[in-house]
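Dumped query_10.tsv below, it's TSV, N, CA and C atoms:
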```tsv
chain	number	residue	atom	x	y	z
A	1	MET	N	35.39	-26.44	76.60
A	1	MET	CA	35.36	-27.88	76.45
A	1	MET	C	34.97	-28.51	77.79
A	2	ARG	N	34.07	-29.51	77.73
A	2	ARG	CA	33.63	-30.20	78.94
A	2	ARG	C	34.72	-31.15	79.42
A	3	SER	N	34.89	-31.20	80.72
A	3	SER	CA	35.86	-32.14	81.27
A	3	SER	C	35.27	-33.54	81.27
A	4	LYS	N	36.12	-34.51	81.09
A	4	LYS	CA	35.69	-35.90	81.05
A	4	LYS	C	35.34	-36.35	82.46
A	5	ARG	N	34.16	-36.95	82.62
A	5	ARG	CA	33.76	-37.49	83.91
A	5	ARG	C	34.37	-38.88	84.07
A	6	LEU	N	34.92	-39.13	85.24
A	6	LEU	CA	35.56	-40.41	85.51
A	6	LEU	C	34.53	-41.44	85.96
A	7	THR	N	34.74	-42.67	85.54
A	7	THR	CA	33.90	-43.75	86.02
A	7	THR	C	34.32	-44.09	87.45
A	8	LEU	N	33.50	-44.87	88.14
A	8	LEU	CA	33.83	-45.28	89.50
A	8	LEU	C	35.16	-46.03	89.51
A	9	THR	N	35.35	-46.90	88.55
A	9	THR	CA	36.59	-47.66	88.47
A	9	THR	C	37.79	-46.72	88.32
A	10	GLU	N	37.68	-45.75	87.43
A	10	GLU	CA	38.78	-44.80	87.22
A	10	GLU	C	39.08	-44.00	88.49
A	11	LYS	N	38.03	-43.60	89.20
A	11	LYS	CA	38.22	-42.87	90.45
A	11	LYS	C	38.95	-43.73	91.48
A	12	ILE	N	38.53	-44.99	91.60
A	12	ILE	CA	39.16	-45.90	92.55
A	12	ILE	C	40.64	-46.07	92.20
A	13	VAL	N	40.92	-46.32	90.93
A	13	VAL	CA	42.30	-46.54	90.48
A	13	VAL	C	43.15	-45.31	90.76
A	14	LYS	N	42.68	-44.14	90.41
A	14	LYS	CA	43.45	-42.90	90.63
A	14	LYS	C	43.72	-42.67	92.11
A	15	GLN	N	42.70	-42.85	92.95
A	15	GLN	CA	42.85	-42.62	94.39
A	15	GLN	C	43.87	-43.57	95.01
A	16	ILE	N	43.73	-44.86	94.69
A	16	ILE	CA	44.66	-45.85	95.27
A	16	ILE	C	46.07	-45.60	94.74
A	17	SER	N	46.18	-45.28	93.46
A	17	SER	CA	47.48	-45.01	92.86
A	17	SER	C	48.19	-43.85	93.56
A	18	ARG	N	47.43	-42.79	93.84
A	18	ARG	CA	48.00	-41.63	94.56
A	18	ARG	C	48.38	-41.99	95.99
A	19	ASP	N	47.47	-42.69	96.68
A	19	ASP	CA	47.70	-43.03	98.09
A	19	ASP	C	48.88	-43.97	98.29
A	20	LYS	N	49.00	-44.96	97.44
A	20	LYS	CA	50.02	-46.00	97.60
A	20	LYS	C	51.27	-45.79	96.74
A	21	ILE	N	51.23	-44.76	95.90
A	21	ILE	CA	52.34	-44.45	94.99
A	21	ILE	C	52.71	-45.69	94.16
A	22	ILE	N	51.69	-46.21	93.52
A	22	ILE	CA	51.84	-47.36	92.63
A	22	ILE	C	51.24	-46.97	91.28
A	23	SER	N	51.79	-47.48	90.22
A	23	SER	CA	51.33	-47.17	88.86
A	23	SER	C	49.83	-47.42	88.70
A	24	GLU	N	49.16	-46.50	88.00
A	24	GLU	CA	47.72	-46.67	87.74
A	24	GLU	C	47.45	-47.95	86.96
A	25	ASN	N	48.38	-48.32	86.09
A	25	ASN	CA	48.19	-49.53	85.29
A	25	ASN	C	48.14	-50.77	86.19
A	26	VAL	N	49.03	-50.84	87.17
A	26	VAL	CA	49.06	-51.98	88.09
A	26	VAL	C	47.78	-52.00	88.93
A	27	ILE	N	47.40	-50.85	89.46
A	27	ILE	CA	46.18	-50.76	90.27
A	27	ILE	C	44.97	-51.14	89.44
A	28	ASN	N	44.92	-50.65	88.19
A	28	ASN	CA	43.79	-50.97	87.30
A	28	ASN	C	43.67	-52.48	87.09
A	29	GLN	N	44.79	-53.15	86.90
A	29	GLN	CA	44.76	-54.60	86.70
A	29	GLN	C	44.20	-55.31	87.93
A	30	VAL	N	44.60	-54.87	89.12
A	30	VAL	CA	44.12	-55.49	90.36
A	30	VAL	C	42.62	-55.24	90.53
A	31	VAL	N	42.20	-53.99	90.32
A	31	VAL	CA	40.79	-53.63	90.49
A	31	VAL	C	39.92	-54.40	89.48
A	32	MET	N	40.36	-54.45	88.24
A	32	MET	CA	39.58	-55.16	87.21
A	32	MET	C	39.52	-56.66	87.51
A	33	HIS	N	40.60	-57.21	88.05
A	33	HIS	CA	40.61	-58.62	88.43
A	33	HIS	C	39.54	-58.87	89.50
A	34	GLN	N	39.47	-57.98	90.49
A	34	GLN	CA	38.47	-58.12	91.55
A	34	GLN	C	37.05	-58.00	91.00
A	35	PHE	N	36.81	-56.98	90.17
A	35	PHE	CA	35.48	-56.79	89.60
A	35	PHE	C	35.08	-57.95	88.70
A	36	ASN	N	36.02	-58.45	87.91
A	36	ASN	CA	35.74	-59.60	87.04
A	36	ASN	C	35.44	-60.85	87.86
A	37	GLY	N	36.17	-61.03	88.97
A	37	GLY	CA	35.92	-62.15	89.86
A	37	GLY	C	34.52	-62.07	90.47
A	38	ALA	N	34.14	-60.86	90.88
A	38	ALA	CA	32.80	-60.66	91.46
A	38	ALA	C	31.74	-60.93	90.41
A	39	ASN	N	31.97	-60.46	89.19
A	39	ASN	CA	31.02	-60.68	88.10
A	39	ASN	C	30.87	-62.18	87.80
A	40	ASP	N	31.99	-62.89	87.77
A	40	ASP	CA	31.94	-64.34	87.54
A	40	ASP	C	31.19	-65.04	88.67
A	41	ALA	N	31.42	-64.60	89.91
A	41	ALA	CA	30.74	-65.20	91.05
A	41	ALA	C	29.23	-64.97	90.97
A	42	LEU	N	28.82	-63.80	90.49
A	42	LEU	CA	27.38	-63.52	90.37
A	42	LEU	C	26.71	-64.39	89.31
A	43	LYS	N	27.49	-64.90	88.38
A	43	LYS	CA	26.91	-65.78	87.37
A	43	LYS	C	26.43	-67.09	88.00
A	44	ASP	N	27.12	-67.52	89.06
A	44	ASP	CA	26.79	-68.79	89.71
A	44	ASP	C	26.01	-68.62	91.01
A	45	ASN	N	26.04	-67.44	91.60
A	45	ASN	CA	25.41	-67.20	92.89
A	45	ASN	C	24.52	-65.96	92.80
A	46	ASN	N	23.67	-65.79	93.80
A	46	ASN	CA	22.80	-64.61	93.81
A	46	ASN	C	23.38	-63.45	94.61
A	47	THR	N	24.41	-63.70	95.40
A	47	THR	CA	25.02	-62.62	96.17
A	47	THR	C	26.54	-62.73	96.13
A	48	VAL	N	27.17	-61.55	96.20
A	48	VAL	CA	28.61	-61.45	96.29
A	48	VAL	C	28.90	-60.35	97.28
A	49	GLU	N	29.83	-60.61	98.20
A	49	GLU	CA	30.21	-59.59	99.17
A	49	GLU	C	31.66	-59.21	98.93
A	50	ILE	N	31.89	-57.90	98.77
A	50	ILE	CA	33.24	-57.38	98.57
A	50	ILE	C	33.57	-56.51	99.77
A	51	SER	N	34.58	-56.91	100.49
A	51	SER	CA	34.98	-56.19	101.69
A	51	SER	C	35.24	-54.72	101.37
A	52	GLY	N	34.61	-53.85	102.12
A	52	GLY	CA	34.78	-52.42	101.92
A	52	GLY	C	33.80	-51.81	100.93
A	53	PHE	N	33.09	-52.64	100.16
A	53	PHE	CA	32.13	-52.15	99.18
A	53	PHE	C	30.70	-52.55	99.52
A	54	GLY	N	30.55	-53.72	100.13
A	54	GLY	CA	29.21	-54.16	100.49
A	54	GLY	C	28.82	-55.46	99.82
A	55	LYS	N	27.56	-55.78	100.00
A	55	LYS	CA	26.98	-57.02	99.48
A	55	LYS	C	26.13	-56.70	98.26
A	56	PHE	N	26.37	-57.42	97.19
A	56	PHE	CA	25.64	-57.22	95.94
A	56	PHE	C	24.75	-58.44	95.72
A	57	THR	N	23.48	-58.18	95.44
A	57	THR	CA	22.50	-59.25	95.28
A	57	THR	C	21.86	-59.16	93.90
A	58	PHE	N	21.71	-60.32	93.26
A	58	PHE	CA	21.03	-60.38	91.98
A	58	PHE	C	19.53	-60.38	92.24
A	59	ASN	N	18.84	-59.38	91.72
A	59	ASN	CA	17.41	-59.22	91.93
A	59	ASN	C	16.69	-59.60	90.63
A	60	ILE	N	15.93	-60.69	90.67
A	60	ILE	CA	15.27	-61.21	89.46
A	60	ILE	C	14.28	-60.20	88.89
A	61	LYS	N	13.49	-59.56	89.74
A	61	LYS	CA	12.49	-58.60	89.26
A	61	LYS	C	13.18	-57.43	88.54
A	62	LYS	N	14.23	-56.88	89.16
A	62	LYS	CA	14.96	-55.77	88.53
A	62	LYS	C	15.65	-56.22	87.25
A	63	ALA	N	16.16	-57.45	87.25
A	63	ALA	CA	16.83	-57.96	86.05
A	63	ALA	C	15.85	-58.07	84.90
A	64	ASN	N	14.63	-58.54	85.17
A	64	ASN	CA	13.61	-58.62	84.12
A	64	ASN	C	13.24	-57.23	83.59
A	65	GLN	N	13.12	-56.26	84.50
A	65	GLN	CA	12.81	-54.88	84.08
A	65	GLN	C	13.94	-54.32	83.23
A	66	ARG	N	15.17	-54.56	83.66
A	66	ARG	CA	16.34	-54.05	82.93
A	66	ARG	C	16.43	-54.72	81.56
A	67	LEU	N	16.11	-56.01	81.50
A	67	LEU	CA	16.16	-56.74	80.24
A	67	LEU	C	15.21	-56.12	79.22
A	68	VAL	N	13.99	-55.83	79.64
A	68	VAL	CA	13.00	-55.21	78.75
A	68	VAL	C	13.50	-53.84	78.28
A	69	LYS	N	14.03	-53.06	79.19
A	69	LYS	CA	14.53	-51.72	78.86
A	69	LYS	C	15.70	-51.80	77.86
A	70	LEU	N	16.66	-52.70	78.11
A	70	LEU	CA	17.81	-52.83	77.23
A	70	LEU	C	17.40	-53.32	75.84
A	71	GLN	N	16.44	-54.24	75.79
A	71	GLN	CA	15.98	-54.73	74.49
A	71	GLN	C	15.32	-53.59	73.69
A	72	GLY	N	14.62	-52.71	74.38
A	72	GLY	CA	14.03	-51.54	73.72
A	72	GLY	C	15.08	-50.62	73.16
A	73	PHE	N	16.13	-50.35	73.95
A	73	PHE	CA	17.24	-49.52	73.46
A	73	PHE	C	17.87	-50.15	72.23
A	74	LYS	N	18.13	-51.45	72.31
A	74	LYS	CA	18.79	-52.15	71.20
A	74	LYS	C	17.95	-52.07	69.93
A	75	GLU	N	16.65	-52.31	70.06
A	75	GLU	CA	15.77	-52.23	68.89
A	75	GLU	C	15.77	-50.84	68.29
A	76	GLY	N	15.76	-49.81	69.14
A	76	GLY	CA	15.80	-48.43	68.65
A	76	GLY	C	17.09	-48.13	67.90
A	77	TYR	N	18.22	-48.55	68.45
A	77	TYR	CA	19.51	-48.34	67.79
A	77	TYR	C	19.59	-49.09	66.47
A	78	GLU	N	19.10	-50.34	66.47
A	78	GLU	CA	19.11	-51.13	65.23
A	78	GLU	C	18.24	-50.48	64.16
A	79	LYS	N	17.13	-49.91	64.57
A	79	LYS	CA	16.24	-49.22	63.63
A	79	LYS	C	16.95	-48.01	63.02
A	80	ASP	N	17.65	-47.22	63.87
A	80	ASP	CA	18.39	-46.06	63.37
A	80	ASP	C	19.44	-46.47	62.35
A	81	VAL	N	20.17	-47.54	62.62
A	81	VAL	CA	21.20	-48.01	61.70
A	81	VAL	C	20.57	-48.51	60.40
A	82	ALA	N	19.48	-49.28	60.52
A	82	ALA	CA	18.81	-49.83	59.33
A	82	ALA	C	18.27	-48.74	58.43
A	83	GLU	N	17.77	-47.66	59.03
A	83	GLU	CA	17.22	-46.55	58.25
A	83	GLU	C	18.30	-45.62	57.72
A	84	GLY	N	19.54	-45.83	58.17
A	84	GLY	CA	20.65	-45.01	57.69
A	84	GLY	C	20.56	-43.56	58.14
A	85	ILE	N	19.88	-43.32	59.25
A	85	ILE	CA	19.68	-41.96	59.75
A	85	ILE	C	20.98	-41.35	60.25
A	86	GLU	N	21.81	-42.14	60.88
A	86	GLU	CA	22.96	-41.61	61.60
A	86	GLU	C	24.16	-41.38	60.69
A	87	GLN	N	25.01	-40.46	61.12
A	87	GLN	CA	26.25	-40.18	60.41
A	87	GLN	C	27.25	-41.29	60.72
A	88	THR	N	28.29	-41.37	59.92
A	88	THR	CA	29.25	-42.47	60.02
A	88	THR	C	29.85	-42.60	61.41
A	89	LYS	N	30.32	-41.51	62.01
A	89	LYS	CA	30.95	-41.58	63.32
A	89	LYS	C	29.94	-42.03	64.38
A	90	LYS	N	28.75	-41.48	64.34
A	90	LYS	CA	27.74	-41.86	65.31
A	90	LYS	C	27.25	-43.28	65.03
A	91	GLU	N	27.21	-43.67	63.77
A	91	GLU	CA	26.78	-45.03	63.44
A	91	GLU	C	27.74	-46.06	64.03
A	92	ALA	N	29.03	-45.78	63.98
A	92	ALA	CA	30.02	-46.68	64.57
A	92	ALA	C	29.80	-46.78	66.08
A	93	TRP	N	29.50	-45.65	66.73
A	93	TRP	CA	29.22	-45.64	68.16
A	93	TRP	C	27.98	-46.48	68.46
A	94	ILE	N	26.94	-46.31	67.63
A	94	ILE	CA	25.69	-47.04	67.83
A	94	ILE	C	25.92	-48.55	67.65
A	95	LYS	N	26.69	-48.93	66.65
A	95	LYS	CA	26.96	-50.36	66.43
A	95	LYS	C	27.72	-50.94	67.62
A	96	ASN	N	28.64	-50.17	68.18
A	96	ASN	CA	29.36	-50.61	69.37
A	96	ASN	C	28.39	-50.75	70.55
A	97	LYS	N	27.48	-49.79	70.68
A	97	LYS	CA	26.49	-49.82	71.75
A	97	LYS	C	25.59	-51.04	71.59
A	98	ILE	N	25.17	-51.35	70.36
A	98	ILE	CA	24.34	-52.53	70.09
A	98	ILE	C	25.08	-53.80	70.53
A	99	SER	N	26.36	-53.87	70.23
A	99	SER	CA	27.16	-55.03	70.61
A	99	SER	C	27.21	-55.18	72.13
A	100	THR	N	27.44	-54.07	72.83
A	100	THR	CA	27.48	-54.09	74.29
A	100	THR	C	26.13	-54.48	74.87
A	101	LEU	N	25.05	-53.92	74.31
A	101	LEU	CA	23.71	-54.26	74.78
A	101	LEU	C	23.41	-55.74	74.56
A	102	THR	N	23.82	-56.27	73.43
A	102	THR	CA	23.59	-57.68	73.13
A	102	THR	C	24.28	-58.57	74.16
A	103	LEU	N	25.53	-58.24	74.50
A	103	LEU	CA	26.25	-59.02	75.52
A	103	LEU	C	25.54	-58.95	76.87
A	104	THR	N	25.10	-57.76	77.25
A	104	THR	CA	24.42	-57.58	78.54
A	104	THR	C	23.09	-58.33	78.55
A	105	ILE	N	22.34	-58.22	77.46
A	105	ILE	CA	21.05	-58.91	77.35
A	105	ILE	C	21.24	-60.42	77.44
A	106	ASN	N	22.22	-60.94	76.73
A	106	ASN	CA	22.47	-62.39	76.75
A	106	ASN	C	22.89	-62.85	78.14
A	107	SER	N	23.69	-62.04	78.82
A	107	SER	CA	24.11	-62.37	80.18
A	107	SER	C	22.92	-62.41	81.14
A	108	LEU	N	22.04	-61.39	81.04
A	108	LEU	CA	20.85	-61.37	81.89
A	108	LEU	C	19.92	-62.54	81.59
A	109	LYS	N	19.72	-62.83	80.30
A	109	LYS	CA	18.85	-63.95	79.92
A	109	LYS	C	19.39	-65.26	80.49
A	110	SER	N	20.70	-65.44	80.40
A	110	SER	CA	21.32	-66.65	80.91
A	110	SER	C	21.10	-66.78	82.41
A	111	LYS	N	21.34	-65.70	83.14
A	111	LYS	CA	21.16	-65.72	84.59
A	111	LYS	C	19.69	-65.96	84.96
A	112	LEU	N	18.78	-65.29	84.25
A	112	LEU	CA	17.35	-65.46	84.53
A	112	LEU	C	16.89	-66.89	84.21
A	113	ASN	N	17.41	-67.45	83.14
A	113	ASN	CA	17.07	-68.84	82.80
A	113	ASN	C	17.55	-69.80	83.86
A	114	ASN	N	18.76	-69.55	84.41
A	114	ASN	CA	19.28	-70.39	85.48
A	114	ASN	C	18.41	-70.28	86.73
A	115	GLU	N	17.95	-69.09	87.04
A	115	GLU	CA	17.11	-68.86	88.23
A	115	GLU	C	15.76	-69.54	88.07
A	116	ASN	N	15.21	-69.48	86.86
A	116	ASN	CA	13.89	-70.07	86.62
A	116	ASN	C	13.93	-71.59	86.63
A	117	SER	N	15.10	-72.18	86.35
A	117	SER	CA	15.21	-73.64	86.31
A	117	SER	C	15.45	-74.24	87.70
A	118	ILE	N	15.71	-73.38	88.70
A	118	ILE	CA	15.97	-73.87	90.06
A	118	ILE	C	14.69	-74.15	90.78
```

Starting from the file, give its structure as structure tokens.
Amino acid sequence: MRSKRLTLTEKIVKQISRDKIISENVINQVVMHQFNGANDALKDNNTVEISGFGKFTFNIKKANQRLVKLQGFKEGYEKDVAEGIEQTKKEAWIKNKISTLTLTINSLKSKLNNENSI
């Protein structure tokens, strides 16, 4: 059986939890609060700086490229579901993926529209 790979967030939470001897749940809440705050700040600004992590910049060219790529993925997944190709378990995963892609696409479109109106 393959071991589950941890996301960056999970790695951060586990490391801090071990180092500070604090519950992973508490650390997770703090980390997610910080990431959500940074994400909210990026909606209104083009850069966010997080001490110890660096400066994050919204790049319009990369956002447009990512938008095209994500829309292609979404269309492909929607086609698979419409054709009924996938099995029930995988179809549920694909529908969840479509939902996530839709949220990301809408977020990018909103940010790009704000940038173009400036």

Q: Could you check which of A:Thr102, A:Gln15, A:Asn113, A:Asn46 is closest to Phe73 (chain A), using only C-alpha atoms?
A: A:Thr102

(Q) Calculated over only C-alpha atoms, which of the candidates A:Glu91, A:Asp44, A:Asp19, A:Glu24 has the smallest distance to Asn114 (chain A)? (A) A:Asp44

Q: Determine which residues of chain A DSSP labels as strand (DSSP E) from the backbone of this structure, then write them out as a PyMOL selection string.
A: chain A and resi 47-50+54-57

Q | Test item: which residues lie within 6 Å of (22.5, -51.4, 75.9) counting only N, CA and C atoms, as number ranges by chain | A | A: 70, 74, 97, 100-102

Q: Would you list the contacts of Glu78 (chain A) as a PyMOL selection string, taking every protein, DNA or RNA residue within 9 Å and counting only C-alpha atoms, but skipping same-chain residues closer than 3 positions in sequence?
A: chain A and resi 73-75+81-83+94-95+98

(Q) With DSSP run on the backbone, what are the alpha helix (DSSP H) residues within region 7-72 of chain A? I'd like them as number ranges by chain. (A) A: 8-20, 24-44, 60-72

Q.
Give me the residues near Asn45 (chain A) as a list in words, where near means some atom within 8 Å (using only N, CA and C atoms) and where sequence neighbours in that chain fewer than 5 positions away do not count.
A.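 Once the nearby chain positions are removed, what remains is Asp40, Thr57 and Phe58 of chain A.
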
**Q.** Computed interatomic separation between CA of Tyr77 (chain A) and CA of Asn64 (chain A) (Å)
**A.**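 Atom-to-atom, CA of Tyr77 (chain A) and CA of Asn64 (chain A) are spaced 20.2 Å apart.
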
**Q.** Polymer residues at most 8 Å from Lys14 (chain A), only N, CA and C atoms, same-chain spacing of 4 or more positions, as a ChimeraX atom specification
**A.** /A:8-10,18-20,24,27-28

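Computed from the coordinates, the atom C of Lys69 (chain A) to atom N of Asn106 (chain A) distance equals 11.3 Å.
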
Q. So what do you get for CA of Ala38 (chain A) versus atom C of Lys55 (chain A), distance-wise?
A.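 Computed distance, CA of Ala38 (chain A) to atom C of Lys55 (chain A), equals 10.3 Å.
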
Q.
Under the rule that only C-alpha atoms are counted, which of A:Phe56, A:Val26, A:Lys4, A:Val13 is the nearest residue to Ala41 (chain A)?
A.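 Counting only C-alpha atoms, the residue closest to Ala41 (chain A) is A:Phe56.
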